[in-house]
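Listing of run_38.pdb, PDB, C-alpha atoms
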ATOM      1  CA  MET A 292       8.163   6.183   3.428
ATOM      2  CA  SER A 293      11.745   7.199   3.777
ATOM      3  CA  PHE A 294      15.272   5.905   3.859
ATOM      4  CA  ARG A 295      16.290   5.844   7.502
ATOM      5  CA  THR A 296      19.258   8.006   6.582
ATOM      6  CA  LYS A 297      17.069  10.629   4.957
ATOM      7  CA  LEU A 298      14.455  12.874   6.566
ATOM      8  CA  ALA A 299      11.841  14.182   4.173
ATOM      9  CA  THR A 300      10.895  17.821   4.834
ATOM     10  CA  LEU A 301       7.212  18.193   4.076
ATOM     11  CA  ALA A 302       5.550  21.506   3.279
ATOM     12  CA  LEU A 303       2.353  22.415   5.129
ATOM     13  CA  CYS A 304      -0.540  22.641   2.696
ATOM     14  CA  ALA A 305      -4.137  23.806   2.781
ATOM     15  CA  VAL A 306      -5.289  20.362   1.742
ATOM     16  CA  LEU A 307      -6.108  19.575   5.365
ATOM     17  CA  VAL A 308      -9.054  21.891   4.986
ATOM     18  CA  ALA A 309      -9.964  22.045   1.316
ATOM     19  CA  GLY A 310      -8.342  19.110  -0.439
ATOM     20  CA  CYS A 311      -6.007  21.451  -2.383
ATOM     21  CA  GLY A 312      -8.556  22.459  -4.933
ATOM     22  CA  ALA A 313     -10.095  19.061  -5.611
ATOM     23  CA  LYS A 314     -13.437  19.594  -7.351
ATOM     24  CA  ALA A 315     -16.351  17.613  -6.018
ATOM     25  CA  ASP A 316     -19.506  16.570  -7.784
ATOM     26  CA  GLY A 317     -22.945  16.448  -6.232
ATOM     27  CA  ASP A 318     -22.222  13.521  -3.887
ATOM     28  CA  GLY A 319     -18.950  15.022  -2.662
ATOM     29  CA  ALA A 320     -16.665  12.785  -4.724
ATOM     30  CA  ALA A 321     -14.485  14.084  -7.529
ATOM     31  CA  PRO A 322     -15.608  12.605 -10.867
ATOM     32  CA  VAL A 323     -13.178  10.224 -12.533
ATOM     33  CA  SER A 324     -13.042   9.721 -16.287
ATOM     34  CA  THR A 325     -12.355   6.096 -17.138
ATOM     35  CA  ALA A 326     -11.437   7.157 -20.668
ATOM     36  CA  GLY A 327      -8.881   9.568 -19.292
ATOM     37  CA  ALA A 328      -7.433   6.828 -17.132
ATOM     38  CA  ALA A 329      -7.026   4.519 -20.091
ATOM     39  CA  SER A 330      -5.414   7.221 -22.206
ATOM     40  CA  SER A 331      -2.716   7.783 -19.591
ATOM     41  CA  GLN A 332      -1.300   4.324 -20.324
ATOM     42  CA  GLN A 333       1.633   4.220 -22.708
ATOM     43  CA  ALA A 334       2.650   1.434 -25.065
ATOM     44  CA  GLY A 335       3.750  -1.577 -23.057
ATOM     45  CA  ASP A 336       1.963  -0.464 -19.883
ATOM     46  CA  GLU A 337      -1.250  -2.357 -20.579
ATOM     47  CA  ALA A 338      -2.146  -5.083 -18.106
ATOM     48  CA  PRO A 339      -1.988  -8.655 -19.406
ATOM     49  CA  PRO A 340      -5.261 -10.633 -19.432
ATOM     50  CA  ALA A 341      -6.298 -11.582 -15.903
ATOM     51  CA  GLU A 342      -6.061 -15.291 -16.712
ATOM     52  CA  GLN A 343      -2.306 -14.778 -17.150
ATOM     53  CA  THR A 344      -1.906 -13.223 -13.694
ATOM     54  CA  GLY A 345      -3.803 -15.659 -11.509
ATOM     55  CA  GLY A 346      -7.095 -13.827 -11.988
ATOM     56  CA  PHE A 347      -5.701 -10.471 -10.859
ATOM     57  CA  ASP A 348      -7.102  -7.740 -13.118
ATOM     58  CA  GLY A 349      -4.531  -4.983 -13.561
ATOM     59  CA  LYS A 350      -7.056  -2.814 -15.394
ATOM     60  CA  ARG A 351      -9.406  -2.869 -12.417
ATOM     61  CA  ALA A 352      -6.538  -2.043 -10.066
ATOM     62  CA  PHE A 353      -5.570   0.864 -12.312
ATOM     63  CA  THR A 354      -9.141   2.173 -12.255
ATOM     64  CA  HIS A 355      -8.910   2.268  -8.449
ATOM     65  CA  VAL A 356      -5.733   4.348  -8.740
ATOM     66  CA  ALA A 357      -7.493   6.746 -11.116
ATOM     67  CA  LYS A 358     -10.394   7.067  -8.680
ATOM     68  CA  GLN A 359      -8.023   8.005  -5.857
ATOM     69  CA  VAL A 360      -6.206  10.585  -7.963
ATOM     70  CA  GLY A 361      -9.587  12.045  -8.856
ATOM     71  CA  PHE A 362     -10.166  12.889  -5.212
ATOM     72  CA  GLY A 363      -7.066  15.112  -5.270
ATOM     73  CA  PRO A 364      -4.426  15.247  -2.500
ATOM     74  CA  ARG A 365      -5.443  12.955   0.372
ATOM     75  CA  PRO A 366      -3.412  13.699   3.502
ATOM     76  CA  SER A 367      -4.656  12.426   6.843
ATOM     77  CA  GLY A 368      -7.495  14.494   8.257
ATOM     78  CA  SER A 369      -8.512  16.059   4.924
ATOM     79  CA  ALA A 370     -11.949  16.068   3.353
ATOM     80  CA  ALA A 371     -10.513  14.198   0.367
ATOM     81  CA  ILE A 372      -9.243  11.294   2.452
ATOM     82  CA  GLY A 373     -12.698  11.080   3.996
ATOM     83  CA  ARG A 374     -14.131  10.497   0.524
ATOM     84  CA  LEU A 375     -11.484   7.862  -0.125
ATOM     85  CA  GLN A 376     -12.316   6.103   3.142
ATOM     86  CA  GLU A 377     -15.942   5.905   2.036
ATOM     87  CA  TYR A 378     -14.862   4.545  -1.332
ATOM     88  CA  ILE A 379     -12.641   1.839   0.177
ATOM     89  CA  GLN A 380     -15.370   0.729   2.573
ATOM     90  CA  SER A 381     -17.984   0.733  -0.197
ATOM     91  CA  GLU A 382     -15.781  -1.380  -2.465
ATOM     92  CA  LEU A 383     -14.999  -3.882   0.283
ATOM     93  CA  THR A 384     -18.696  -4.221   1.097
ATOM     94  CA  SER A 385     -19.501  -4.812  -2.573
ATOM     95  CA  TYR A 386     -17.000  -7.716  -2.596
ATOM     96  CA  GLY A 387     -18.677  -9.313   0.403
ATOM     97  CA  CYS A 388     -15.804  -8.449   2.736
ATOM     98  CA  LYS A 389     -16.272  -8.006   6.454
ATOM     99  CA  ALA A 390     -14.556  -4.655   7.014
ATOM    100  CA  ASP A 391     -13.512  -3.417  10.441
ATOM    101  CA  VAL A 392     -12.798   0.291  10.905
ATOM    102  CA  ASP A 393     -10.575   1.538  13.716
ATOM    103  CA  SER A 394     -11.096   5.288  14.108
ATOM    104  CA  PHE A 395      -8.518   7.043  16.253
ATOM    105  CA  SER A 396      -6.873  10.421  16.716
ATOM    106  CA  ALA A 397      -3.148  11.085  16.432
ATOM    107  CA  ASP A 398      -1.088  13.932  17.812
ATOM    108  CA  THR A 399       1.015  15.297  14.945
ATOM    109  CA  PRO A 400       3.221  18.365  14.383
ATOM    110  CA  VAL A 401       0.255  20.031  12.634
ATOM    111  CA  GLY A 402      -2.253  19.221  15.375
ATOM    112  CA  ARG A 403      -4.451  16.342  16.453
ATOM    113  CA  LEU A 404      -5.856  14.573  13.390
ATOM    114  CA  PRO A 405      -8.606  11.990  12.966
ATOM    115  CA  MET A 406      -7.449   8.809  11.244
ATOM    116  CA  LYS A 407      -8.894   5.435  10.262
ATOM    117  CA  ASN A 408      -7.413   2.011   9.697
ATOM    118  CA  ILE A 409      -9.642  -0.178   7.538
ATOM    119  CA  VAL A 410      -9.283  -3.984   7.595
ATOM    120  CA  ALA A 411     -11.042  -6.558   5.426
ATOM    121  CA  LYS A 412     -11.035  -9.820   7.383
ATOM    122  CA  ILE A 413     -11.426 -13.077   5.470
ATOM    123  CA  PRO A 414     -12.062 -16.133   7.679
ATOM    124  CA  GLY A 415      -9.810 -19.198   7.737
ATOM    125  CA  ASP A 416     -10.106 -22.779   8.941
ATOM    126  CA  LYS A 417      -7.240 -22.807  11.418
ATOM    127  CA  PRO A 418      -5.319 -20.381  13.641
ATOM    128  CA  GLY A 419      -2.983 -17.908  12.012
ATOM    129  CA  ILE A 420      -3.400 -14.631  10.139
ATOM    130  CA  ILE A 421      -1.800 -13.594   6.855
ATOM    131  CA  MET A 422      -1.827  -9.812   6.715
ATOM    132  CA  LEU A 423      -1.492  -7.881   3.454
ATOM    133  CA  ALA A 424      -1.173  -4.131   3.817
ATOM    134  CA  THR A 425      -0.870  -0.713   2.191
ATOM    135  CA  HIS A 426      -1.194   2.914   3.232
ATOM    136  CA  TYR A 427      -3.798   5.073   1.519
ATOM    137  CA  ASP A 428      -2.891   8.589   2.692
ATOM    138  CA  THR A 429      -0.741  10.977   0.661
ATOM    139  CA  ALA A 430       2.102  13.206   1.814
ATOM    140  CA  LEU A 431       1.228  16.681   3.034
ATOM    141  CA  LEU A 432       2.706  18.458   0.020
ATOM    142  CA  PRO A 433       1.215  21.051  -2.350
ATOM    143  CA  ASN A 434      -0.504  19.536  -5.394
ATOM    144  CA  PHE A 435       0.611  16.017  -4.488
ATOM    145  CA  VAL A 436      -1.910  13.397  -5.635
ATOM    146  CA  GLY A 437       0.260  10.337  -4.916
ATOM    147  CA  ALA A 438      -0.739   8.156  -7.857
ATOM    148  CA  ASP A 439       2.154   5.792  -7.160
ATOM    149  CA  ASP A 440       2.923   6.642  -3.525
ATOM    150  CA  GLY A 441      -0.212   5.481  -1.808
ATOM    151  CA  GLY A 442      -2.459   5.122  -4.848
ATOM    152  CA  SER A 443      -0.830   2.168  -6.597
ATOM    153  CA  SER A 444      -0.616  -0.161  -3.610
ATOM    154  CA  THR A 445      -4.143   0.759  -2.499
ATOM    155  CA  GLY A 446      -5.421  -0.149  -5.964
ATOM    156  CA  VAL A 447      -3.628  -3.494  -5.728
ATOM    157  CA  MET A 448      -5.103  -4.251  -2.299
ATOM    158  CA  LEU A 449      -8.642  -3.444  -3.439
ATOM    159  CA  GLU A 450      -8.317  -5.856  -6.359
ATOM    160  CA  LEU A 451      -6.841  -8.496  -4.036
ATOM    161  CA  ALA A 452      -9.833  -8.018  -1.748
ATOM    162  CA  ARG A 453     -12.221  -8.607  -4.660
ATOM    163  CA  LEU A 454     -10.515 -11.907  -5.402
ATOM    164  CA  LEU A 455      -9.880 -13.146  -1.865
ATOM    165  CA  CYS A 456     -13.006 -12.113   0.031
ATOM    166  CA  ALA A 457     -15.029 -14.846  -1.644
ATOM    167  CA  LYS A 458     -12.460 -17.519  -0.779
ATOM    168  CA  HIS A 459     -12.068 -19.509   2.412
ATOM    169  CA  GLY A 460      -8.500 -20.611   3.048
ATOM    170  CA  ALA A 461      -6.543 -22.395   5.719
ATOM    171  CA  ASN A 462      -5.655 -19.173   7.528
ATOM    172  CA  GLU A 463      -7.427 -15.875   7.952
ATOM    173  CA  VAL A 464      -6.364 -13.163   5.518
ATOM    174  CA  TRP A 465      -6.488  -9.550   6.637
ATOM    175  CA  ILE A 466      -6.223  -6.885   3.936
ATOM    176  CA  THR A 467      -5.282  -3.718   5.765
ATOM    177  CA  PHE A 468      -5.447  -0.082   4.668
ATOM    178  CA  PHE A 469      -3.358   2.134   6.948
ATOM    179  CA  ASP A 470      -3.948   5.833   7.452
ATOM    180  CA  GLY A 471      -1.132   8.204   8.407
ATOM    181  CA  GLU A 472       1.935   6.503   6.964
ATOM    182  CA  GLU A 473       3.335   9.803   5.759
ATOM    183  CA  ALA A 474       5.046  12.316   8.048
ATOM    184  CA  MET A 475       3.330  15.625   8.632
ATOM    185  CA  LYS A 476       6.624  17.535   8.763
ATOM    186  CA  HIS A 477       9.780  15.471   9.324
ATOM    187  CA  TRP A 478      10.007  11.678   9.062
ATOM    188  CA  SER A 479      10.776  10.228  12.489
ATOM    189  CA  ASP A 480       9.642   7.469  14.830
ATOM    190  CA  THR A 481       6.964   9.806  16.188
ATOM    191  CA  ASP A 482       6.018  11.640  12.981
ATOM    192  CA  SER A 483       5.171   8.838  10.527
ATOM    193  CA  ARG A 484       3.472   5.435  10.403
ATOM    194  CA  TYR A 485       0.646   6.591  12.659
ATOM    195  CA  GLY A 486      -1.788   3.931  11.440
ATOM    196  CA  SER A 487       0.556   0.958  11.524
ATOM    197  CA  ARG A 488       1.884   1.965  14.947
ATOM    198  CA  GLN A 489      -1.699   2.225  16.182
ATOM    199  CA  MET A 490      -2.645  -1.203  14.847
ATOM    200  CA  ALA A 491       0.480  -2.996  16.048
ATOM    201  CA  ALA A 492       0.008  -1.573  19.542
ATOM    202  CA  LYS A 493      -3.706  -2.426  19.578
ATOM    203  CA  LEU A 494      -3.101  -6.025  18.465
ATOM    204  CA  ALA A 495      -0.360  -6.384  21.058
ATOM    205  CA  MET A 496      -2.775  -5.192  23.740
ATOM    206  CA  ASN A 497      -5.667  -7.480  22.763
ATOM    207  CA  GLY A 498      -3.448 -10.536  22.262
ATOM    208  CA  GLU A 499      -3.991 -10.960  18.512
ATOM    209  CA  LEU A 500      -0.502  -9.904  17.397
ATOM    210  CA  PRO A 501       1.082 -13.382  17.880
ATOM    211  CA  LYS A 502      -1.547 -14.812  15.527
ATOM    212  CA  ILE A 503       0.002 -13.016  12.547
ATOM    213  CA  LYS A 504       2.167 -15.594  10.765
ATOM    214  CA  ALA A 505       3.196 -13.214   7.966
ATOM    215  CA  PHE A 506       2.813  -9.507   7.176
ATOM    216  CA  VAL A 507       3.432  -8.459   3.551
ATOM    217  CA  LEU A 508       3.368  -4.751   2.721
ATOM    218  CA  ALA A 509       3.001  -3.109  -0.700
ATOM    219  CA  ASP A 510       4.053   0.513  -1.230
ATOM    220  CA  ILE A 511       5.000   2.317  -4.471
ATOM    221  CA  VAL A 512       4.382  -0.625  -6.793
ATOM    222  CA  GLY A 513       2.990   1.049  -9.921
ATOM    223  CA  THR A 514       6.069   2.587 -11.516
ATOM    224  CA  ARG A 515       6.470   1.888 -15.229
ATOM    225  CA  THR A 516       9.957   0.387 -14.702
ATOM    226  CA  PRO A 517       9.621  -1.525 -11.420
ATOM    227  CA  HIS A 518      12.643  -2.888  -9.573
ATOM    228  CA  PHE A 519      11.843  -4.317  -6.155
ATOM    229  CA  LYS A 520      14.904  -4.826  -4.001
ATOM    230  CA  ARG A 521      14.865  -6.908  -0.837
ATOM    231  CA  GLU A 522      14.233  -4.610   2.131
ATOM    232  CA  SER A 523      17.193  -5.383   4.382
ATOM    233  CA  ASP A 524      15.391  -5.298   7.747
ATOM    234  CA  SER A 525      12.539  -7.532   6.563
ATOM    235  CA  THR A 526      12.265 -11.151   7.731
ATOM    236  CA  LYS A 527      14.553 -13.254   5.543
ATOM    237  CA  TRP A 528      12.415 -16.370   5.194
ATOM    238  CA  LEU A 529       9.387 -14.294   4.170
ATOM    239  CA  VAL A 530      11.372 -12.212   1.691
ATOM    240  CA  ASP A 531      12.798 -15.449   0.270
ATOM    241  CA  LEU A 532       9.262 -16.816  -0.134
ATOM    242  CA  VAL A 533       7.878 -13.727  -1.919
ATOM    243  CA  TRP A 534      10.933 -13.234  -4.139
ATOM    244  CA  GLY A 535      11.001 -16.964  -4.879
ATOM    245  CA  VAL A 536       7.367 -16.828  -5.984
ATOM    246  CA  ALA A 537       8.187 -13.866  -8.231
ATOM    247  CA  LYS A 538      11.058 -15.717  -9.874
ATOM    248  CA  ASN A 539       8.924 -18.811 -10.461
ATOM    249  CA  LEU A 540       6.327 -16.598 -12.157
ATOM    250  CA  GLY A 541       8.971 -15.115 -14.452
ATOM    251  CA  TYR A 542       9.485 -11.790 -12.699
ATOM    252  CA  GLY A 543      13.098 -12.281 -11.625
ATOM    253  CA  ASN A 544      14.100  -9.160 -13.542
ATOM    254  CA  ILE A 545      11.714  -7.115 -11.380
ATOM    255  CA  PHE A 546      12.127  -8.719  -7.945
ATOM    256  CA  LEU A 547      15.884  -8.320  -7.652
ATOM    257  CA  ASP A 548      18.458 -10.118  -5.516
ATOM    258  CA  GLU A 549      19.768  -6.791  -4.260
ATOM    259  CA  SER A 550      18.982  -5.130  -0.954
ATOM    260  CA  MET A 551      18.166  -1.681   0.377
ATOM    261  CA  GLU A 552      16.965  -0.323   3.709
ATOM    262  CA  VAL A 553      13.582   1.374   3.802
ATOM    263  CA  ALA A 554      11.563   2.586   6.781
ATOM    264  CA  ASP A 555       7.886   1.829   6.206
ATOM    265  CA  ASP A 556       4.665   0.484   7.718
ATOM    266  CA  HIS A 557       6.160  -2.961   8.339
ATOM    267  CA  ASP A 558       8.500  -1.546  11.013
ATOM    268  CA  PRO A 559       6.032  -1.445  13.954
ATOM    269  CA  PHE A 560       5.310  -5.136  13.316
ATOM    270  CA  LEU A 561       8.946  -6.126  12.878
ATOM    271  CA  LYS A 562       9.748  -4.465  16.206
ATOM    272  CA  ARG A 563       7.178  -6.761  17.811
ATOM    273  CA  LYS A 564       8.702  -9.890  16.210
ATOM    274  CA  VAL A 565       6.050 -10.325  13.516
ATOM    275  CA  PRO A 566       7.553 -11.807  10.313
ATOM    276  CA  ALA A 567       7.257  -8.986   7.787
ATOM    277  CA  ALA A 568       8.353  -8.042   4.260
ATOM    278  CA  ASP A 569       8.082  -4.827   2.241
ATOM    279  CA  VAL A 570       7.565  -4.791  -1.535
ATOM    280  CA  ILE A 571       8.560  -1.280  -2.611
ATOM    281  CA  ASP A 572      10.418   0.555  -5.362
ATOM    282  CA  LEU A 573      12.072   3.631  -3.854
ATOM    283  CA  GLN A 574      14.766   4.432  -6.394
ATOM    284  CA  ASN A 575      13.972   8.114  -5.951
ATOM    285  CA  TYR A 576      17.159   9.658  -7.303
ATOM    286  CA  PRO A 577      17.318  11.566 -10.628
ATOM    287  CA  GLY A 578      16.930   9.007 -13.375
ATOM    288  CA  GLY A 579      15.631   6.368 -10.950
ATOM    289  CA  ASP A 580      12.367   4.467 -11.288
ATOM    290  CA  VAL A 581      10.600   6.824  -8.878
ATOM    291  CA  TYR A 582      12.335  10.113  -9.693
ATOM    292  CA  TYR A 583       8.961  11.805  -9.063
ATOM    293  CA  TRP A 584       8.775  10.666  -5.419
ATOM    294  CA  HIS A 585       7.115  13.265  -3.177
ATOM    295  CA  THR A 586       6.729  15.774  -6.011
ATOM    296  CA  PRO A 587       3.653  17.017  -7.927
ATOM    297  CA  GLU A 588       4.854  14.788 -10.791
ATOM    298  CA  ASP A 589       3.537  11.658  -9.034
ATOM    299  CA  THR A 590       0.542  11.639 -11.365
ATOM    300  CA  LEU A 591      -1.562   8.941 -13.019
ATOM    301  CA  ASP A 592       0.648   8.746 -16.110
ATOM    302  CA  LYS A 593       3.482   7.433 -13.909
ATOM    303  CA  VAL A 594       1.499   4.294 -13.038
ATOM    304  CA  SER A 595       1.435   1.169 -15.190
ATOM    305  CA  ALA A 596      -1.461  -1.274 -15.103
ATOM    306  CA  LYS A 597       1.062  -3.966 -16.065
ATOM    307  CA  SER A 598       3.155  -3.258 -12.953
ATOM    308  CA  LEU A 599       0.023  -3.434 -10.800
ATOM    309  CA  ALA A 600      -0.863  -6.783 -12.371
ATOM    310  CA  ILE A 601       2.613  -8.189 -11.738
ATOM    311  CA  THR A 602       2.545  -7.086  -8.107
ATOM    312  CA  GLY A 603      -0.942  -8.490  -7.583
ATOM    313  CA  HIS A 604       0.011 -11.802  -9.196
ATOM    314  CA  VAL A 605       2.986 -12.195  -6.850
ATOM    315  CA  PHE A 606       0.864 -11.344  -3.802
ATOM    316  CA  LEU A 607      -1.841 -13.838  -4.787
ATOM    317  CA  GLU A 608       0.640 -16.670  -5.261
ATOM    318  CA  SER A 609       2.488 -15.725  -2.062
ATOM    319  CA  VAL A 610      -0.773 -16.019  -0.119
ATOM    320  CA  LYS A 611      -1.261 -19.508  -1.585
ATOM    321  CA  GLN A 612       2.241 -20.487  -0.484
ATOM    322  CA  LEU A 613       1.680 -19.089   3.012
ATOM    323  CA  GLN A 614      -1.682 -20.863   3.285
ATOM    324  CA  SER A 615       0.064 -24.173   2.660
ATOM    325  CA  LYS A 616       2.595 -23.708   5.487
TER     326      LYS A 616
END

Encoding of this model in structure tokens:
Amino acid sequence: MSFRTKLATLALCAVLVAGCGAKADGDGAAPVSTAGAASSQQAGDEAPPAEQTGGFDGKRAFTHVAKQVGFGPRPSGSAAIGRLQEYIQSELTSYGCKADVDSFSADTPVGRLPMKNIVAKIPGDKPGIIMLATHYDTALLPNFVGADDGGSSTGVMLELARLLCAKHGANEVWITFFDGEEAMKHWSDTDSRYGSRQMAAKLAMNGELPKIKAFVLADIVGTRTPHFKRESDSTKWLVDLVWGVAKNLGYGNIFLDESMEVADDHDPFLKRKVPAADVIDLQNYPGGDVYYWHTPEDTLDKVSAKSLAITGHVFLESVKQLQSK
């Protein structure tokens, strides 16, 4: 993601071929130490009991982040992202989710790359789709494992899928994992958001786009000191709903009544008049919450299971609110 006023210059890396040195075990997946994941948590970062966060288990979400980091850098088209795609699909299947996979190719500044959007579709009783979304690719940067940028929100969405796939609500819920959010070289309308642009265009073509009553995106939600400002281009009534839920749950000091402009995967849907909101912490200046943004410092120790639990709790309750409308 990027501020619209700022273009991120991304360095070409050998990860497209070799996963930047990620070590694989016998089945092709990098081993993840659960003990190591737990030890990366600092005092105050522990997730509260799931019964305090609507059933959302921050520890489980954090384990998903650790698994992703264990694969190494995961830019679109890399061997490592292929392993992550298998992991996401395997997890969704284990939860009883019906997962659709849209495989496509995208022309990028570094060549034509294979990409996949993965969608868990949970049936509803009446027309209307609530879409929750994340991107799961990492920026094409040397030694960048994207624990927070890509990893945190993907961990949240996997835990949401575990909770929601067994439920049958008023509206369908789609939990969407976008490939290709990150730019390959320079953030622009043509070099970024490949997966979300692909899906928005496809749904517009097949007539399903108007069925989406709300699109809520998570991106960079694991920082140890989260401050989510209202994304200024997002749909006001939907932002009001999500931020109102957060305040009612006691998270008013995290979901702030301040605004900032961020370009992200909600944009292709906003441009097609889909109500959309972006939950993101992109205070990426020195001393900011995400000072490690797009650097090799975006490692597992930057992610808090407590922050994941708070984000997941707000998303769960927001879905309940949207189901009642």

* Asked: For the point (-3.1, 15.3, 2.0) in file coordinates, what residues are within 6 Å, counting all atoms listed in the file? Give the answer as a list in words?
  ->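 Within 6 Å of (-3.1, 15.3, 2.0), the protein and nucleic acid residues are Val306, Pro364, Arg365, Pro366, Ser367, Thr429, Ala430 and Leu431 of chain A.
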
* Pick from A:Tyr427, A:Tyr386, A:Phe606, A:Phe435 nearest to Thr344 (chain A), counting all atoms listed in the file ->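 Closest to Thr344 (chain A) of all the choices is A:Phe606.
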
* Asked: CA of Ile420 (chain A) and CA of Lys502 (chain A), how far apart in Å?
  ->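 Result for CA of Lys502 (chain A) versus CA of Ile420 (chain A): 5.7 Å, one decimal.
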
* Asked: With only C-alpha atoms as the atoms that count, which of A:Leu455, A:Ser381, A:Ser443, A:Leu529 lies nearest to Thr590 (chain A)?
  -> A:Ser443

Can you list, as a JSON list (two decimals) with C-alpha atoms, keeping the file's coordinate frame, the residues that the PyMOL selection byres ((chain A and resi 508-510) around 7) selects here?
[["chain", "number", "residue", "atom", "x", "y", "z"],
["A", 423, "LEU", "CA", -1.49, -7.88, 3.45],
["A", 424, "ALA", "CA", -1.17, -4.13, 3.82],
["A", 425, "THR", "CA", -0.87, -0.71, 2.19],
["A", 440, "ASP", "CA", 2.92, 6.64, -3.52],
["A", 441, "GLY", "CA", -0.21, 5.48, -1.81],
["A", 444, "SER", "CA", -0.62, -0.16, -3.61],
["A", 506, "PHE", "CA", 2.81, -9.51, 7.18],
["A", 507, "VAL", "CA", 3.43, -8.46, 3.55],
["A", 511, "ILE", "CA", 5.00, 2.32, -4.47],
["A", 512, "VAL", "CA", 4.38, -0.62, -6.79],
["A", 557, "HIS", "CA", 6.16, -2.96, 8.34],
["A", 568, "ALA", "CA", 8.35, -8.04, 4.26],
["A", 569, "ASP", "CA", 8.08, -4.83, 2.24],
["A", 570, "VAL", "CA", 7.56, -4.79, -1.54],
["A", 571, "ILE", "CA", 8.56, -1.28, -2.61]]

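Of note, CA of Phe560 (chain A) and CA of Tyr485 (chain A) are spaced 12.6 Å apart.
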
* Which one of A:Ala554, A:Leu591, A:Leu613, A:Leu404 sits closest to Gly513 (chain A) if you count all atoms listed in the file? -> A:Leu591

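Put simply, CA of Val553 (chain A) is 24.9 Å away from CA of Asp592 (chain A).
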
* In terms of the shortest atom-to-atom distance over only C-alpha atoms, which of A:Thr445, A:Gln380, A:Asn408, A:Gln614 is closest to Val360 (chain A)? ->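 Closest to Val360 (chain A), using only C-alpha atoms: A:Thr445.
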
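Residue nearest Asn575 (chain A) within the list A:Thr514, A:Ser523, A:Ser615, A:Ser595: A:Thr514 [criterion: smallest interatomic distance, only C-alpha atoms].
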
Give me the box for region 455-474 of chain A as AutoDock Vina command-line options, namely the centre and edge lengths in Å to one decimal of a box along x, y and z that holds every listed atom plus 6 Å on each side.
--center_x -5.0 --center_y -5.0 --center_z 3.3 --size_x 32.1 --size_y 46.7 --size_z 22.3

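Residues of protein, DNA and RNA with at least one atom no farther than 9 Å from (8.1, 13.1, 18.7) are, using only C-alpha atoms, Thr399, Pro400, Ser479, Asp480, Thr481 and Asp482 of chain A.
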
Could those selected residues go to a file with C-alpha atoms, as a tab-separated table (two decimals), keeping the file's coordinate frame?
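For reference, result.tsv as written:
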chain	number	residue	atom	x	y	z
A	399	THR	CA	1.01	15.30	14.94
A	400	PRO	CA	3.22	18.36	14.38
A	479	SER	CA	10.78	10.23	12.49
A	480	ASP	CA	9.64	7.47	14.83
A	481	THR	CA	6.96	9.81	16.19
A	482	ASP	CA	6.02	11.64	12.98

* Which residue, A:Leu375, A:Ile409, A:Ala461, A:Ile503, has the smallest gap to Ala357 (chain A) when you use only C-alpha atoms? ->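 Checking each of A:Leu375, A:Ile409, A:Ala461, A:Ile503 against Ala357 (chain A), counting only C-alpha atoms, the winner is A:Leu375.
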